[in-house]
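See below for the structure under consideration.
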Protein chains: 4
Amino acid sequence: MNTPIKIGIVGATGYTGVELLRLLSQHSAAQVRVVTSRGEDGLPLADMFPSLRGVYDGLTFSHPDKAALHECDVVFFATPNGIAMQQAPQLLEQGVRVIDLSADYRIRDVATWEQWYKMTHASPEWIAQAVYGLPEMNHAAIRDARLIANPGCYPTCVTLPLLPLLQQGCLKANAPLIADCKSGVSGAGRKAEVANLFSEAGDNFKAYGVAGHRHLPEIRQNMDDIRSGHAADLVFVPHLTPLIRGMHATIYVQAASEVDVHAVLSEHYAGSRFVDVLPQGRCPETRSVRASNLCRIGVQKAPSHGHNTWIILSVIDNLVKGAAGQAVQNMNIMFGLPEHAGLDNTPVLP
Amino acid sequence: MNTPIKIGIVGATGYTGVELLRLLSQHSAAQVRVVTSRGEDGLPLADMFPSLRGVYDGLTFSHPDKAALHECDVVFFATPNGIAMQQAPQLLEQGVRVIDLSADYRIRDVATWEQWYKMTHASPEWIAQAVYGLPEMNHAAIRDARLIANPGCYPTCVTLPLLPLLQQGCLKANAPLIADCKSGVSGAGRKAEVANLFSEAGDNFKAYGVAGHRHLPEIRQNMDDIRSGHAADLVFVPHLTPLIRGMHATIYVQAASEVDVHAVLSEHYAGSRFVDVLPQGRCPETRSVRASNLCRIGVQKAPSHGHNTWIILSVIDNLVKGAAGQAVQNMNIMFGLPEHAGLDNTPVLP
Amino acid sequence: MNTPIKIGIVGATGYTGVELLRLLSQHSAAQVRVVTSRGEDGLPLADMFPSLRGVYDGLTFSHPDKAALHECDVVFFATPNGIAMQQAPQLLEQGVRVIDLSADYRIRDVATWEQWYKMTHASPEWIAQAVYGLPEMNHAAIRDARLIANPGCYPTCVTLPLLPLLQQGCLKANAPLIADCKSGVSGAGRKAEVANLFSEAGDNFKAYGVAGHRHLPEIRQNMDDIRSGHAADLVFVPHLTPLIRGMHATIYVQAASEVDVHAVLSEHYAGSRFVDVLPQGRCPETRSVRASNLCRIGVQKAPSHGHNTWIILSVIDNLVKGAAGQAVQNMNIMFGLPEHAGLDNTPVLP
Amino acid sequence: MNTPIKIGIVGATGYTGVELLRLLSQHSAAQVRVVTSRGEDGLPLADMFPSLRGVYDGLTFSHPDKAALHECDVVFFATPNGIAMQQAPQLLEQGVRVIDLSADYRIRDVATWEQWYKMTHASPEWIAQAVYGLPEMNHAAIRDARLIANPGCYPTCVTLPLLPLLQQGCLKANAPLIADCKSGVSGAGRKAEVANLFSEAGDNFKAYGVAGHRHLPEIRQNMDDIRSGHAADLVFVPHLTPLIRGMHATIYVQAASEVDVHAVLSEHYAGSRFVDVLPQGRCPETRSVRASNLCRIGVQKAPSHGHNTWIILSVIDNLVKGAAGQAVQNMNIMFGLPEHAGLDNTPVLP
């Protein structure tokens, strides 16, 4: 076997970090060398995440200032927004490739980014060089990328089914396109916040961010990139549902007449490794992709309905295809490995 | 105090039955006399539902053939579909009032009912006399009704916010109206089915009935009753979410220009006892109505969107306002009691 | 009716606070006048707890410095440990009765308290005057108390079944007495802590505090108060289980020969309003007391076992009989009301 | 690579069946050839378990009468109790090795088995030849076995920590040994039963089987096999907790004086692949082994306690080390493969 890829992870104390560590532990060509944490310098990984006992023995968190990140082939940022934009440029200049799981490089229009993320961007010059890491959309560009902006979970779940429909002009322009999305609570991260306590989020269902969620401009940018003229039609409502992992998008589109939405999606993704279109009329459930890098899609024409509305159901594991798994998929493409290396585990059901 | 209302419950071994028993135990003018069950003749109530120990001591399930239902003032049917249509007529003829929590008398068009429920209706002559028991819609008719068709949970959750909008002509005709609904698992009843096991429905989210759900014609009938010409626009997708109790409807409507949907709803329900419209921009959560007869509604115009789409969020407890609580509310109206008698408990949070 | 009791609540932004508010809203002799919060001065209650919309309209949180607590008949402290010991004495001196839901006055030995709670006690002179508010144990003293130390949830759940057994000398001395306890997550309070996030505490089960939990000395003190000579035998292990509300104690005792533990418990609690001993062999479930002030107890002799071990199962709702409900029960006793005033709601199942 | 092992699975429509399929799909030396189901003849696997779409394409359930099980190297029975005892003997006589995940061959005393399982044993002559498949206890015998009785989940979780303590005579004889166990709901199987509905088992905690559970004689047999003279001391109480996967045993033992229970366990399992003893004082959580074949153990001496009681905490994933994973571990040993083949996935957390 060839030399393994030397990997660094910045900010590995959150859920996307520990999920990266899980996936990379099962990747035969990957070697995690450096894991940083500002607050946990010196702590063995397994002391924070007992699920990793015996997996990364010897590896400890190190303070970013002391960590030899520049000796890595690739560094993942599993940090809150606003960190990668400060620290990635130096690594990039040292020739290290960077995969940023945060939102720092996802939006190409700096003003839009700053408006939604309420920060001044620290390295706007790198935005144009970042490749939006949705492999089903940008495969070729990812191969050559130095800096990957790993997509958000909602944008992944919503864009994958829309991609062929927009590309092939299947949707009526000037008709509302509604993405009613439901996310498990791990999507909110491993931060101490009252709203995400078990006793708050458990046995409860609610919408949030209805007046504007940061993933709205990201989905709209994707729509415009695929086929401009539809972005303004999008209505996006996220909801919180008492799952740990899992995301479900219910998308309502107005198809141009005579289009068979199910056929378009099935054909487009027929050879896809990670996108699975179910037979017509089947509804995907989130657990059917739990802990895996898959997106499963169901399609149904709205029954007994006076319009040409189609219902598209799309599910992912928000921590895998919606974050860490997609990041590994991007790494595989960048380093010429099989796209599914380390990502071919069977979903955990029940 | 006056003589209490003598009450019978047919089929009280399910969730709507035990919820009726809970609510009626706290109703000072109600006296449950007879509780029937075909399979549990002679069993004390508290042996099936330990939460009722000490509450209905002395009361046992009795076989319907032996039960003195005709001596009751009102009989609730908390049975599967297809039972009330057989047993209610005899009671009605004996002068007993009937509140049917099943779907037997909800749809006025017999052919439609038979198509969706896949049975021949046993007492179609009673359908026309049944009053659809949504008090916010049919208050006057309920007062004089002998037979109440208690609404389904989804139709209640969706119709309440649409009612003033349709009445006042606020919605664009010929535009899709989407009701994306999420239900807790108790809505599926207390039947032994694999799909509703903890290990199937837990930590999982899915749509179901996308090709056609029985509550679709019921909601459409309501829409037509309020203002014909919109029913065919409805798209309705139910989802199962890992809550025990709770239902959330996310409704997307195209408003006629210049209409302030929030203002219309707020004004209409300003004096309502059970419908609470939140200040603009607030999102209701299901737990804010847990174990209570309330419906809470949030309203938001879709942000940065090229159309006049409004987002309406509506939550109920599917077992209370969506079933047993509404049935008690109907009983109160029928018997000239304060509408909220026995129904003024504060929601249980957390 | 007489003048209602004027009530103040200090620190009502946590779970025991909102539960007090729920219970008192249904109590016909109670009037909540003042609700304090250091951080939320001026905020309407319903803005923090939407379940209270329409229930306490007009009532807002006020800063403790501005609040007219001294005009109340009774003040509940629903605060973290260490607050009541500072603020209660002044109110007590002004003639206000105090019910402290925190641990400040529960342990009579100051040194023990300071060792376990890692603080210097601010008002040790009041400890001796505090009555431990377990009504089934201290009913007479509660009636005349000025200051109630409301018991912890674990001590309530464990002491209630042990009480008659210790009183009547049913247990073998010098034999380990094991209390294996399981608590829902709301017992940890409404604090932003990673360990209590949905994604940490959900779908997970663990012991905690095995090396020593603060409720251990409290249970031991109760045991000594009832019959000294057994306290040192107690082994207590708490566990966290993914419930919102609910606590289950599984207690293993060595009975003196010939004692029928089930008979002792059944007879002792035969007339009790809030303690319900099930028929032999029945297992209580936490949901059978959900949202109610009940404790249900099951008893079973260990099967095919070489010793005289009995298994006692005890369940409460940790927020009601384990906190706010017991506090209201104490208030009722102190003010000469029926003990169950405001506490006779039927458990919420499912 | 060598020829893969040809595998048959009888009764793969339950949770242990689908878990076997998940684990074997990741096992490079395993090839599942035949999967039987009496009710689902001809159904593609992925139609029942959408998580297996793309994993076993082409494989369908076949009726046991038509299935070429005799051409397999090994057949797993993932059936309800009472099936393997009828069907395994013919396969064994044809030279097929059998791993029975049900209880049919676990208890060597036929009368005891028949008493607890309430059936007449159909092939008692095979019981003596069956090897109890707990590898940490019976490794050598498993290697040569033709028929494996795969242990129950509770017996695995309880026996693993007791094994070295009994072997080395660390426990006081004639002292109660208490195993207070908590299981996730998947342990009850994928059967349509009201007690395991989401709305029954969710947000609820209860003991069950307190008067006698079938795993009691199995654990006692293990104890007797390891060191006779302790079995009668065992008290075993199982509880149901709202997890899908996961089992937690809290075991209370009286140690012989001067024994350091933590040291004994740590040393015994120092080289173990699947049993992980935590540093003293740490509490294992069920999610730290989720979807993996690990058992993690924590040990603590009971604090401030008058006896020599130790608390042992043991966690497994009931579907993996408690069922399907242990079955694969046994297969690996029987076929001379590395014991961890197909079983080295990292636990899924969160």
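Identifiers in this document derive from the order of the structure tokens: chains are assigned A, B, ..., residues are numbered from 1 separately in each chain, and ligands are numbered from 1 in order of occurrence.
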Exercise. Skip segment 29-38 of chain A itself and residues of its chain fewer than 5 positions away, then list as a PyMOL selection string all residues within 9 Å of it, counting only C-alpha atoms.
Key: chain A and resi 1-13+21+24+45+56+59-69+72+75+337+341-342
Quiz item: Quick one: which residues from chain A are at most 6 Å off chain B, using only C-alpha atoms, as number ranges by chain?
Solution: A: 203-206, 211, 232-233, 243, 285-287, 303, 305-306
For the residues selected in the previous step, produce a file with C-alpha atoms as a CSV table (one decimal), in the first residue's frame.
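So out13.csv came out as:
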chain,number,residue,atom,x,y,z
A,203,ASP,CA,-40.7,14.8,22.8
A,204,ASN,CA,-41.0,18.2,20.9
A,205,PHE,CA,-41.3,19.4,17.4
A,206,LYS,CA,-40.9,22.9,16.1
A,211,ALA,CA,-37.6,34.4,9.2
A,232,ALA,CA,-35.8,33.5,-5.8
A,233,ASP,CA,-38.6,30.9,-5.9
A,243,LEU,CA,-33.6,12.4,16.4
A,285,GLU,CA,-36.8,6.9,6.2
A,286,THR,CA,-33.9,8.6,7.9
A,287,ARG,CA,-32.7,5.5,9.7
A,303,PRO,CA,-52.5,12.8,-5.6
A,305,HIS,CA,-54.5,17.6,-7.2
A,306,GLY,CA,-55.3,20.4,-9.6
Self-check item: Neighbour list for segment 260-266 of chain B as a list in words, cut-off 7 Å, only C-alpha atoms, skip fewer than 6 positions in-chain
Solution: Pro164, Val277, Gln280 and Val299 of chain B
Exercise. Choose the residue, out of B:Gly229, B:Pro50, B:Pro135, B:Pro80, that has the smallest atom-to-atom separation from Gly14 of chain B; count only C-alpha atoms.
Key: B:Pro80
Exercise. Just the alpha helix (DSSP H) stuff from segment 23-202 of chain B, please, per backbone DSSP, written as a ChimeraX atom specification.
Key: /B:23-25,45-48,84-93,110-117,135-143,153-167,198-201
Give me a file of those residues, with C-alpha atoms, as a tab-separated table (two decimals), in the first residue's frame.
chain	number	residue	atom	x	y	z
B	23	LEU	CA	-60.09	14.41	30.77
B	24	LEU	CA	-63.51	13.35	32.06
B	25	SER	CA	-62.01	12.43	35.44
B	45	LEU	CA	-60.03	-0.05	34.14
B	46	ALA	CA	-57.00	0.44	36.33
B	47	ASP	CA	-55.69	-3.01	35.47
B	48	MET	CA	-55.25	-1.92	31.89
B	84	ALA	CA	-69.89	3.48	15.22
B	85	MET	CA	-71.74	3.31	11.91
B	86	GLN	CA	-73.17	-0.02	13.09
B	87	GLN	CA	-73.90	0.70	16.73
B	88	ALA	CA	-74.65	4.39	16.92
B	89	PRO	CA	-78.04	4.38	15.12
B	90	GLN	CA	-79.78	2.27	17.75
B	91	LEU	CA	-78.55	4.54	20.53
B	92	LEU	CA	-79.56	7.63	18.60
B	93	GLU	CA	-83.01	6.21	18.15
B	110	VAL	CA	-70.92	8.30	0.87
B	111	ALA	CA	-69.12	7.16	-2.27
B	112	THR	CA	-66.05	9.18	-1.33
B	113	TRP	CA	-66.12	7.75	2.15
B	114	GLU	CA	-66.44	4.19	0.89
B	115	GLN	CA	-63.62	4.68	-1.57
B	116	TRP	CA	-61.17	5.97	1.06
B	117	TYR	CA	-62.23	3.73	3.93
B	135	PRO	CA	-66.45	24.02	17.27
B	136	GLU	CA	-64.52	26.94	15.83
B	137	MET	CA	-66.32	26.25	12.54
B	138	ASN	CA	-69.71	24.80	13.47
B	139	HIS	CA	-70.49	26.04	16.96
B	140	ALA	CA	-74.21	26.66	16.52
B	141	ALA	CA	-74.91	23.38	14.79
B	142	ILE	CA	-73.04	21.44	17.45
B	143	ARG	CA	-75.29	22.82	20.17
B	153	CYS	CA	-56.30	15.23	14.03
B	154	TYR	CA	-54.75	16.44	10.76
B	155	PRO	CA	-57.98	18.11	9.61
B	156	THR	CA	-58.22	19.95	12.93
B	157	CYS	CA	-54.63	21.14	12.82
B	158	VAL	CA	-54.88	22.29	9.20
B	159	THR	CA	-58.42	23.66	9.09
B	160	LEU	CA	-58.17	25.95	12.11
B	161	PRO	CA	-55.61	28.30	10.56
B	162	LEU	CA	-57.16	28.11	7.09
B	163	LEU	CA	-60.68	28.91	8.32
B	164	PRO	CA	-60.47	32.72	8.54
B	165	LEU	CA	-58.24	32.93	5.47
B	166	LEU	CA	-60.71	31.07	3.31
B	167	GLN	CA	-63.73	32.79	4.85
B	198	PHE	CA	-40.24	1.84	19.59
B	199	SER	CA	-37.34	0.37	17.63
B	200	GLU	CA	-38.96	1.26	14.31
B	201	ALA	CA	-40.49	4.66	14.95
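Atom CA of Glu19 of chain C lies 28.6 Å from atom CA of Pro124 of chain C.
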Exercise. Could you pull out the residues in segment 112-341 of chain D that DSSP calls strand (DSSP E or B) from the backbone, as a count of residues only?
Key: 51
